Amino acid sequence: MGDLTMIETSQLTKRYGQFTAVDGISFKVQPGEVLGFLGPNGAGKSTTMKMIAGFLAPTAGSAKVCGFDVESQPIQAKRALGYLPEGAPSYGEMKPRAFLEFVADVRGMSGEQKKKRIDDVIGRLQLESVLAQSIDTLSKGFKRRVGLAQAILHDPPALILDEPTDGLDPNQKHEVRALINAMAHDKIIVISTHILEEVHAVCTRAVVIAGGKLLADATPAELEARSRYHGAVSLTAVNTGAARQALARVADIESIEIDPQDHRITAFPKKGRAIFMPISDVLKSQNIEVSELQLESGRLDEVFRSITLPEAKEASA
Ligand SMILES: Nc1ncnc2c1ncn2[C@@H]1O[C@H](COP(=O)(O)OP(=O)(O)OP(=O)(O)O)[C@@H](O)[C@H]1O
């Protein structure tokens, strides 16, 4: 039967004719975890999410939500799950409250409980100001919020959110991320995103997929540690030439790069060496004035590229 508290996929596969959109993906997500689904356009993120949500039948493999197989126990699996599909909610001619009432009816809610839940999600997603408008006429951000409201309406233990912050402005992105973080402690959450900063902001773990295959499953910190920038030191000096000369005294520096645009210097350590303190000491002793000095944890965008573009692989090796 599987674990009652997890989302679990096992060799989940979707083929369209000869084309394999999702190729044997297996992972587990537990309560308290926010799993970020990362991948370039067409990687198979939405297809995987639709299969977990029971909207698309797998060609092979299986998915379970809280112990319920999405194909053989679809009603129980759907009850345990909230799903935010890509794009805008259907039923665009409805106003938000009527839409949420409809979703509540489908979910089998009634009476006081139904009213309470609808009022709760309207408050949480701050939909009060748009209740008089039909969904079609709402801004992209408000459409997304209506979609999120329907996903969390029945307070499910598991949530699948397909690009939850897509189309939102920076303030709305911040609000939705705060909402996800607030729900994260007792729910199982899977989100897909192209936005790497989102991984930092909300995800405890990230799965990278490309070409339908799972290429990495790690914490954001573990992914960053794969970056060639992990442990590098970046600085901006008033006199770049003088700083460069001073850095030549640090034996554990392997190489130095200077950004042609902003003259920011990045020093890379020899394998296994720590260079922040030696650099800081030498800058001080040589009286080099710096406006910024930073130990790099690693750059997710570079790791993402090296994982998803085969020709960039050597950069992460
Ligand atoms: N019904 C279909 N028939 C044929 N191919 C499909 C079908 N649906 C999706 N695909 C293909 O499957 C692949 C995976 O699509 P999917 O939408 O899952 O990617 P994604 O990672 O969500 O991309 P995006 O970030 O652009 O949303 C794409 O190449 C897509 O064109």
# chains A, B, ... in the order shown; residues from 1 in each chain; ligands from 1
>>> residues_around(residues="Leu161 (chain A)", least_positions_apart="4", cutoff="9 Å", atoms="only C-alpha atoms", output="list of chain:residue names")
A:Met49, A:Gly82, A:Tyr83, A:Leu84, A:Pro85, A:Glu86, A:Leu148, A:Ala151, A:Ile189, A:Val190, A:Ile191, A:Ser192
>>> write_last_selection(atoms="C-alpha atoms", output="PDB file, in the first residue's frame")
ATOM      1  CA  MET A  49       2.379  16.583 -12.210  1.00  0.00           C
ATOM      2  CA  GLY A  82      -4.801  19.775  -4.055  1.00  0.00           C
ATOM      3  CA  TYR A  83      -3.682  20.506  -7.605  1.00  0.00           C
ATOM      4  CA  LEU A  84      -2.901  23.804  -9.254  1.00  0.00           C
ATOM      5  CA  PRO A  85      -2.666  23.204 -12.995  1.00  0.00           C
ATOM      6  CA  GLU A  86      -0.647  25.353 -15.380  1.00  0.00           C
ATOM      7  CA  LEU A 148      -4.355  28.415  -5.635  1.00  0.00           C
ATOM      8  CA  ALA A 151      -6.184  23.884  -4.758  1.00  0.00           C
ATOM      9  CA  ILE A 189       4.232  20.001  -1.372  1.00  0.00           C
ATOM     10  CA  VAL A 190       5.575  19.628  -4.884  1.00  0.00           C
ATOM     11  CA  ILE A 191       6.051  22.756  -6.980  1.00  0.00           C
ATOM     12  CA  SER A 192       7.423  23.171 -10.468  1.00  0.00           C
TER      13      SER A 192
END
>>> select_by_dssp(residues="region 172-293 of chain A", states="strand (DSSP E)", output="number ranges by chain")
A: 188-193, 205-210, 213-218, 233-237, 253-258, 265-269, 290-293
>>> write_last_selection(atoms="N, CA and C atoms", output="mmCIF file, in the first residue's frame")
data_model
loop_
_atom_site.group_PDB
_atom_site.id
_atom_site.type_symbol
_atom_site.label_atom_id
_atom_site.label_comp_id
_atom_site.auth_asym_id
_atom_site.auth_seq_id
_atom_site.Cartn_x
_atom_site.Cartn_y
_atom_site.Cartn_z
ATOM 1 N N ILE A 188 2.651 17.932 2.364
ATOM 2 C CA ILE A 188 3.603 17.462 1.368
ATOM 3 C C ILE A 188 3.390 18.357 0.158
ATOM 4 N N ILE A 189 4.423 19.042 -0.282
ATOM 5 C CA ILE A 189 4.232 20.001 -1.372
ATOM 6 C C ILE A 189 5.231 19.738 -2.491
ATOM 7 N N VAL A 190 4.711 19.704 -3.706
ATOM 8 C CA VAL A 190 5.575 19.628 -4.884
ATOM 9 C C VAL A 190 5.270 20.845 -5.735
ATOM 10 N N ILE A 191 6.281 21.628 -6.085
ATOM 11 C CA ILE A 191 6.051 22.756 -6.980
ATOM 12 C C ILE A 191 6.983 22.637 -8.188
ATOM 13 N N SER A 192 6.505 23.084 -9.331
ATOM 14 C CA SER A 192 7.423 23.171 -10.468
ATOM 15 C C SER A 192 7.733 24.628 -10.702
ATOM 16 N N THR A 193 8.914 24.882 -11.175
ATOM 17 C CA THR A 193 9.329 26.271 -11.387
ATOM 18 C C THR A 193 10.496 26.321 -12.361
ATOM 19 N N ARG A 205 14.074 20.533 -1.068
ATOM 20 C CA ARG A 205 14.763 19.586 -1.960
ATOM 21 C C ARG A 205 14.424 19.939 -3.392
ATOM 22 N N ALA A 206 15.307 19.617 -4.296
ATOM 23 C CA ALA A 206 15.033 19.895 -5.701
ATOM 24 C C ALA A 206 15.321 18.666 -6.545
ATOM 25 N N VAL A 207 14.421 18.453 -7.496
ATOM 26 C CA VAL A 207 14.608 17.394 -8.474
ATOM 27 C C VAL A 207 14.799 18.092 -9.813
ATOM 28 N N VAL A 208 15.845 17.739 -10.521
ATOM 29 C CA VAL A 208 16.073 18.353 -11.833
ATOM 30 C C VAL A 208 15.723 17.331 -12.899
ATOM 31 N N ILE A 209 14.821 17.721 -13.809
ATOM 32 C CA ILE A 209 14.528 16.816 -14.919
ATOM 33 C C ILE A 209 14.759 17.525 -16.244
ATOM 34 N N ALA A 210 15.180 16.738 -17.221
ATOM 35 C CA ALA A 210 15.333 17.243 -18.587
ATOM 36 C C ALA A 210 15.147 16.053 -19.511
ATOM 37 N N LYS A 213 13.836 12.759 -18.064
ATOM 38 C CA LYS A 213 14.613 11.938 -17.124
ATOM 39 C C LYS A 213 14.964 12.719 -15.858
ATOM 40 N N LEU A 214 14.990 12.009 -14.731
ATOM 41 C CA LEU A 214 15.411 12.626 -13.483
ATOM 42 C C LEU A 214 16.948 12.650 -13.447
ATOM 43 N N LEU A 215 17.522 13.851 -13.409
ATOM 44 C CA LEU A 215 18.982 13.972 -13.499
ATOM 45 C C LEU A 215 19.629 14.316 -12.166
ATOM 46 N N ALA A 216 18.854 14.837 -11.223
ATOM 47 C CA ALA A 216 19.419 15.142 -9.908
ATOM 48 C C ALA A 216 18.300 15.189 -8.888
ATOM 49 N N ASP A 217 18.610 14.782 -7.650
ATOM 50 C CA ASP A 217 17.649 14.827 -6.544
ATOM 51 C C ASP A 217 18.468 15.174 -5.309
ATOM 52 N N ALA A 218 18.408 16.431 -4.883
ATOM 53 C CA ALA A 218 19.332 16.885 -3.842
ATOM 54 C C ALA A 218 18.764 18.108 -3.138
ATOM 55 N N VAL A 233 35.799 32.987 -3.945
ATOM 56 C CA VAL A 233 35.654 34.269 -3.253
ATOM 57 C C VAL A 233 35.573 35.371 -4.296
ATOM 58 N N SER A 234 34.527 36.191 -4.182
ATOM 59 C CA SER A 234 34.362 37.298 -5.128
ATOM 60 C C SER A 234 34.578 38.616 -4.404
ATOM 61 N N LEU A 235 35.185 39.546 -5.116
ATOM 62 C CA LEU A 235 35.398 40.859 -4.514
ATOM 63 C C LEU A 235 35.420 41.932 -5.590
ATOM 64 N N THR A 236 35.062 43.127 -5.172
ATOM 65 C CA THR A 236 35.170 44.284 -6.053
ATOM 66 C C THR A 236 36.097 45.272 -5.359
ATOM 67 N N ALA A 237 37.177 45.631 -6.052
ATOM 68 C CA ALA A 237 38.191 46.503 -5.450
ATOM 69 C C ALA A 237 38.161 47.867 -6.123
ATOM 70 N N ILE A 253 45.089 29.875 -4.062
ATOM 71 C CA ILE A 253 44.220 30.244 -5.186
ATOM 72 C C ILE A 253 44.675 29.492 -6.433
ATOM 73 N N GLU A 254 43.691 28.827 -7.069
ATOM 74 C CA GLU A 254 43.981 28.061 -8.287
ATOM 75 C C GLU A 254 43.978 28.982 -9.507
ATOM 76 N N SER A 255 42.925 29.832 -9.593
ATOM 77 C CA SER A 255 42.815 30.724 -10.750
ATOM 78 C C SER A 255 41.962 31.930 -10.387
ATOM 79 N N ILE A 256 42.062 32.946 -11.246
ATOM 80 C CA ILE A 256 41.320 34.187 -11.009
ATOM 81 C C ILE A 256 40.599 34.571 -12.291
ATOM 82 N N GLU A 257 39.360 35.010 -12.142
ATOM 83 C CA GLU A 257 38.633 35.538 -13.306
ATOM 84 C C GLU A 257 38.172 36.954 -12.979
ATOM 85 N N ILE A 258 38.192 37.817 -13.997
ATOM 86 C CA ILE A 258 37.715 39.191 -13.784
ATOM 87 C C ILE A 258 36.576 39.462 -14.750
ATOM 88 N N ILE A 265 36.207 40.582 -9.258
ATOM 89 C CA ILE A 265 37.218 39.518 -9.296
ATOM 90 C C ILE A 265 36.653 38.283 -8.609
ATOM 91 N N THR A 266 36.801 37.122 -9.236
ATOM 92 C CA THR A 266 36.444 35.875 -8.569
ATOM 93 C C THR A 266 37.692 35.003 -8.501
ATOM 94 N N ALA A 267 38.018 34.589 -7.281
ATOM 95 C CA ALA A 267 39.184 33.711 -7.080
ATOM 96 C C ALA A 267 38.684 32.306 -6.761
ATOM 97 N N PHE A 268 39.253 31.321 -7.468
ATOM 98 C CA PHE A 268 38.848 29.931 -7.258
ATOM 99 C C PHE A 268 39.920 29.212 -6.443
ATOM 100 N N PRO A 269 39.490 28.443 -5.426
ATOM 101 C CA PRO A 269 40.484 27.773 -4.577
ATOM 102 C C PRO A 269 41.070 26.522 -5.238
ATOM 103 N N VAL A 290 38.326 47.420 -0.687
ATOM 104 C CA VAL A 290 37.295 46.677 -1.440
ATOM 105 C C VAL A 290 35.905 47.164 -1.048
ATOM 106 N N SER A 291 35.005 47.174 -2.043
ATOM 107 C CA SER A 291 33.631 47.582 -1.739
ATOM 108 C C SER A 291 32.785 46.351 -1.427
ATOM 109 N N GLU A 292 33.328 45.175 -1.718
ATOM 110 C CA GLU A 292 32.546 43.952 -1.485
ATOM 111 C C GLU A 292 33.501 42.776 -1.455
ATOM 112 N N LEU A 293 33.244 41.867 -0.517
ATOM 113 C CA LEU A 293 34.067 40.659 -0.404
ATOM 114 C C LEU A 293 33.151 39.534 0.052
#
>>> residues_near_ligand(ligand="ligand 1", cutoff="9 Å", atoms="only C-alpha atoms and all ligand atoms", output="ChimeraX atom specification")
/A:14-17,19-22,37-50,86,162-163,192-194,209-212
>>> residues_around(residues="Gly147 (chain A)", least_positions_apart="4", cutoff="12 Å", atoms="only C-alpha atoms", output="PyMOL selection string")
chain A and resi 82-92+96-97+99-100+103+121-122+125+127+135+138+140-143+151-153+160-166+176
>>> write_last_selection(atoms="N, CA and C atoms", output="short mmCIF file (atom, residue, chain, number, x, y, z; two decimals), in the first residue's frame")
data_model
loop_
_atom_site.label_atom_id
_atom_site.label_comp_id
_atom_site.auth_asym_id
_atom_site.auth_seq_id
_atom_site.Cartn_x
_atom_site.Cartn_y
_atom_site.Cartn_z
N GLY A 82 -4.40 18.53 -3.40
CA GLY A 82 -4.80 19.77 -4.05
C GLY A 82 -3.90 19.97 -5.25
N TYR A 83 -4.48 20.40 -6.38
CA TYR A 83 -3.68 20.51 -7.60
C TYR A 83 -3.92 21.85 -8.26
N LEU A 84 -2.84 22.56 -8.49
CA LEU A 84 -2.90 23.80 -9.25
C LEU A 84 -2.34 23.52 -10.63
N PRO A 85 -3.20 23.46 -11.65
CA PRO A 85 -2.67 23.20 -13.00
C PRO A 85 -1.95 24.44 -13.55
N GLU A 86 -1.26 24.23 -14.65
CA GLU A 86 -0.65 25.35 -15.38
C GLU A 86 -1.72 26.33 -15.81
N GLY A 87 -1.38 27.60 -15.92
CA GLY A 87 -2.27 28.57 -16.55
C GLY A 87 -3.43 28.99 -15.67
N ALA A 88 -4.48 29.48 -16.33
CA ALA A 88 -5.61 30.07 -15.62
C ALA A 88 -6.66 29.01 -15.32
N PRO A 89 -7.49 29.25 -14.28
CA PRO A 89 -8.56 28.30 -13.97
C PRO A 89 -9.55 28.19 -15.13
N SER A 90 -10.15 27.02 -15.28
CA SER A 90 -11.25 26.88 -16.24
C SER A 90 -12.45 27.63 -15.67
N TYR A 91 -13.55 27.59 -16.33
CA TYR A 91 -14.77 28.27 -15.86
C TYR A 91 -14.56 29.77 -15.67
N GLY A 92 -13.91 30.39 -16.68
CA GLY A 92 -13.57 31.79 -16.60
C GLY A 92 -14.75 32.73 -16.53
N PRO A 96 -15.15 34.56 -8.73
CA PRO A 96 -14.36 33.69 -7.85
C PRO A 96 -15.17 32.92 -6.81
N ARG A 97 -16.14 33.59 -6.16
CA ARG A 97 -16.86 32.86 -5.10
C ARG A 97 -17.70 31.72 -5.68
N PHE A 99 -17.14 30.12 -8.39
CA PHE A 99 -16.20 29.06 -8.80
C PHE A 99 -15.79 28.22 -7.59
N LEU A 100 -15.45 28.90 -6.48
CA LEU A 100 -15.03 28.17 -5.28
C LEU A 100 -16.19 27.36 -4.69
N VAL A 103 -16.35 24.26 -6.78
CA VAL A 103 -15.28 23.32 -6.42
C VAL A 103 -15.61 22.66 -5.08
N VAL A 121 -10.09 30.68 2.39
CA VAL A 121 -9.16 30.79 1.24
C VAL A 121 -9.27 32.15 0.56
N ILE A 122 -10.46 32.75 0.58
CA ILE A 122 -10.59 34.11 0.01
C ILE A 122 -9.71 35.07 0.81
N LEU A 125 -5.78 34.18 0.18
CA LEU A 125 -5.28 34.59 -1.14
C LEU A 125 -5.67 36.02 -1.48
N LEU A 127 -8.53 37.69 -2.04
CA LEU A 127 -9.38 37.79 -3.23
C LEU A 127 -10.55 38.77 -3.03
N ILE A 135 -13.75 35.56 -13.58
CA ILE A 135 -12.34 35.14 -13.58
C ILE A 135 -11.63 35.56 -14.88
N LEU A 138 -9.90 38.91 -14.80
CA LEU A 138 -8.88 39.19 -13.77
C LEU A 138 -7.49 39.26 -14.37
N LYS A 140 -3.47 38.32 -14.57
CA LYS A 140 -2.84 37.01 -14.51
C LYS A 140 -2.57 36.59 -13.06
N GLY A 141 -2.11 37.55 -12.27
CA GLY A 141 -1.78 37.27 -10.88
C GLY A 141 -3.00 36.83 -10.08
N PHE A 142 -4.12 37.52 -10.29
CA PHE A 142 -5.34 37.15 -9.56
C PHE A 142 -5.89 35.81 -10.06
N LYS A 143 -5.77 35.54 -11.36
CA LYS A 143 -6.19 34.22 -11.86
C LYS A 143 -5.41 33.11 -11.16
N ALA A 151 -7.06 25.02 -5.08
CA ALA A 151 -6.18 23.88 -4.76
C ALA A 151 -6.16 23.60 -3.26
N ILE A 152 -6.25 24.64 -2.43
CA ILE A 152 -6.13 24.42 -0.98
C ILE A 152 -7.49 24.41 -0.27
N LEU A 153 -8.56 24.54 -1.06
CA LEU A 153 -9.92 24.69 -0.49
C LEU A 153 -10.28 23.58 0.49
N ILE A 160 0.12 19.71 -5.19
CA ILE A 160 0.94 19.73 -6.40
C ILE A 160 0.66 21.06 -7.07
N LEU A 161 1.67 21.92 -7.14
CA LEU A 161 1.46 23.27 -7.66
C LEU A 161 2.35 23.48 -8.88
N ASP A 162 1.71 23.62 -10.06
CA ASP A 162 2.47 23.76 -11.31
C ASP A 162 2.75 25.25 -11.55
N GLU A 163 3.97 25.64 -11.34
CA GLU A 163 4.41 27.03 -11.47
C GLU A 163 3.49 28.01 -10.72
N PRO A 164 3.46 27.87 -9.38
CA PRO A 164 2.51 28.65 -8.59
C PRO A 164 2.72 30.17 -8.69
N THR A 165 3.93 30.62 -8.97
CA THR A 165 4.15 32.07 -8.99
C THR A 165 4.24 32.63 -10.40
N ASP A 166 3.90 31.79 -11.40
CA ASP A 166 3.97 32.25 -12.79
C ASP A 166 3.04 33.43 -13.01
N VAL A 176 2.88 34.59 -2.20
CA VAL A 176 2.57 33.18 -2.47
C VAL A 176 3.65 32.27 -1.88
#
>>> atom_distance(atom1="CA of Leu168 (chain A)", atom2="CA of Arg305 (chain A)")
24.6 Å
>>> closest_residue(among="A:Thr5, A:Gly32, A:Lys284, A:Ala98", to="Ser134 (chain A)", atoms="only C-alpha atoms")
A:Ala98
>>> residues_around(residues="Ser72 (chain A)", least_positions_apart="6", cutoff="12 Å", atoms="only C-alpha atoms", output="PyMOL selection string")
chain A and resi 1+54+57-58+62-65+78
>>> closest_residue(among="A:Ile7, A:Ala232, A:Ala132, A:Ala80", to="Ile52 (chain A)", atoms="only C-alpha atoms")
A:Ile7
>>> closest_residue(among="A:Asp252, A:Lys114, A:Gln150, A:Leu81", to="Pro278 (chain A)", atoms="only C-alpha atoms")
A:Asp252
>>> closest_residue(among="A:Ile118, A:Ala53, A:Glu289, A:Glu302", to="Gly241 (chain A)", atoms="only C-alpha atoms")
A:Glu289
>>> residues_around(residues="region 220-226 of chain A", least_positions_apart="4", cutoff="12 Å", atoms="only C-alpha atoms", output="ChimeraX atom specification")
/A:34-38,196-208,215-216,230-232,296-307,313-317
>>> decode(residues="region 184-309 of chain A", atoms="C-alpha atoms", output="CSV table (one decimal), in the first residue's frame")
chain,number,residue,atom,x,y,z
A,184,ALA,CA,4.9,23.5,4.4
A,185,HIS,CA,5.3,22.4,8.0
A,186,ASP,CA,2.5,19.8,7.9
A,187,LYS,CA,1.9,19.3,4.2
A,188,ILE,CA,3.6,17.5,1.4
A,189,ILE,CA,4.2,20.0,-1.4
A,190,VAL,CA,5.6,19.6,-4.9
A,191,ILE,CA,6.1,22.8,-7.0
A,192,SER,CA,7.4,23.2,-10.5
A,193,THR,CA,9.3,26.3,-11.4
A,194,HIS,CA,11.9,27.7,-13.8
A,195,ILE,CA,12.8,30.3,-11.2
A,196,LEU,CA,16.0,29.3,-9.4
A,197,GLU,CA,15.5,31.9,-6.7
A,198,GLU,CA,12.3,30.1,-5.9
A,199,VAL,CA,14.2,27.0,-5.0
A,200,HIS,CA,16.1,29.0,-2.4
A,201,ALA,CA,12.9,30.7,-1.1
A,202,VAL,CA,10.7,27.7,-0.6
A,203,CYS,CA,12.2,24.3,-1.5
A,204,THR,CA,13.8,21.9,0.9
A,205,ARG,CA,14.8,19.6,-2.0
A,206,ALA,CA,15.0,19.9,-5.7
A,207,VAL,CA,14.6,17.4,-8.5
A,208,VAL,CA,16.1,18.4,-11.8
A,209,ILE,CA,14.5,16.8,-14.9
A,210,ALA,CA,15.3,17.2,-18.6
A,211,GLY,CA,14.2,15.2,-21.6
A,212,GLY,CA,11.8,13.4,-19.3
A,213,LYS,CA,14.6,11.9,-17.1
A,214,LEU,CA,15.4,12.6,-13.5
A,215,LEU,CA,19.0,14.0,-13.5
A,216,ALA,CA,19.4,15.1,-9.9
A,217,ASP,CA,17.6,14.8,-6.5
A,218,ALA,CA,19.3,16.9,-3.8
A,219,THR,CA,19.0,19.7,-1.4
A,220,PRO,CA,19.5,23.3,-2.7
A,221,ALA,CA,22.8,23.4,-0.7
A,222,GLU,CA,24.0,20.1,-2.2
A,223,LEU,CA,23.2,21.4,-5.7
A,224,GLU,CA,25.1,24.6,-5.0
A,225,ALA,CA,28.1,22.6,-3.8
A,226,ARG,CA,28.3,21.1,-7.3
A,227,SER,CA,28.9,24.6,-8.7
A,228,ARG,CA,32.5,25.5,-9.7
A,229,TYR,CA,31.8,28.7,-7.7
A,230,HIS,CA,31.3,26.8,-4.5
A,231,GLY,CA,34.0,28.0,-2.1
A,232,ALA,CA,35.2,30.7,-4.5
A,233,VAL,CA,35.7,34.3,-3.3
A,234,SER,CA,34.4,37.3,-5.1
A,235,LEU,CA,35.4,40.9,-4.5
A,236,THR,CA,35.2,44.3,-6.1
A,237,ALA,CA,38.2,46.5,-5.5
A,238,VAL,CA,38.7,50.2,-5.9
A,239,ASN,CA,41.9,49.4,-7.8
A,240,THR,CA,41.4,46.1,-9.6
A,241,GLY,CA,45.1,45.8,-10.7
A,242,ALA,CA,46.4,46.2,-7.2
A,243,ALA,CA,43.9,43.7,-5.8
A,244,ARG,CA,45.0,41.2,-8.4
A,245,GLN,CA,48.6,41.6,-7.5
A,246,ALA,CA,47.8,41.1,-3.8
A,247,LEU,CA,45.9,38.0,-4.6
A,248,ALA,CA,49.0,36.5,-6.3
A,249,ARG,CA,50.4,36.1,-2.8
A,250,VAL,CA,47.7,33.6,-1.8
A,251,ALA,CA,49.1,30.2,-2.5
A,252,ASP,CA,45.8,28.3,-2.3
A,253,ILE,CA,44.2,30.2,-5.2
A,254,GLU,CA,44.0,28.1,-8.3
A,255,SER,CA,42.8,30.7,-10.7
A,256,ILE,CA,41.3,34.2,-11.0
A,257,GLU,CA,38.6,35.5,-13.3
A,258,ILE,CA,37.7,39.2,-13.8
A,259,ASP,CA,34.3,40.2,-15.0
A,260,PRO,CA,34.9,42.4,-18.1
A,261,GLN,CA,31.8,44.5,-17.3
A,262,ASP,CA,31.9,45.3,-13.6
A,263,HIS,CA,35.6,44.3,-12.9
A,264,ARG,CA,34.4,42.0,-10.1
A,265,ILE,CA,37.2,39.5,-9.3
A,266,THR,CA,36.4,35.9,-8.6
A,267,ALA,CA,39.2,33.7,-7.1
A,268,PHE,CA,38.8,29.9,-7.3
A,269,PRO,CA,40.5,27.8,-4.6
A,270,LYS,CA,42.8,24.8,-5.2
A,271,LYS,CA,40.9,21.6,-4.5
A,272,GLY,CA,39.8,21.2,-0.9
A,273,ARG,CA,41.4,24.6,0.2
A,274,ALA,CA,39.7,27.5,1.9
A,275,ILE,CA,40.7,30.9,0.7
A,276,PHE,CA,38.4,33.4,2.3
A,277,MET,CA,40.5,34.1,5.3
A,278,PRO,CA,43.9,34.2,3.5
A,279,ILE,CA,42.4,36.6,0.9
A,280,SER,CA,40.8,38.8,3.6
A,281,ASP,CA,44.2,38.9,5.4
A,282,VAL,CA,46.2,39.8,2.4
A,283,LEU,CA,43.8,42.5,1.3
A,284,LYS,CA,44.1,44.1,4.8
A,285,SER,CA,47.9,43.8,5.0
A,286,GLN,CA,48.3,45.3,1.5
A,287,ASN,CA,45.8,48.1,2.2
A,288,ILE,CA,43.6,47.1,-0.7
A,289,GLU,CA,40.3,48.9,-0.5
A,290,VAL,CA,37.3,46.7,-1.4
A,291,SER,CA,33.6,47.6,-1.7
A,292,GLU,CA,32.5,44.0,-1.5
A,293,LEU,CA,34.1,40.7,-0.4
A,294,GLN,CA,32.0,37.5,-0.5
A,295,LEU,CA,32.4,33.7,0.0
A,296,GLU,CA,30.3,32.1,-2.7
A,297,SER,CA,28.1,29.1,-1.8
A,298,GLY,CA,27.7,28.2,-5.5
A,299,ARG,CA,25.5,29.4,-8.3
A,300,LEU,CA,22.4,27.4,-9.0
A,301,ASP,CA,22.0,28.8,-12.5
A,302,GLU,CA,25.3,27.4,-13.5
A,303,VAL,CA,24.6,24.0,-11.9
A,304,PHE,CA,21.2,23.9,-13.6
A,305,ARG,CA,22.9,24.5,-17.0
A,306,SER,CA,25.5,21.9,-16.4
A,307,ILE,CA,22.9,19.3,-15.4
A,308,THR,CA,20.4,20.0,-18.2
A,309,LEU,CA,22.7,20.9,-21.1
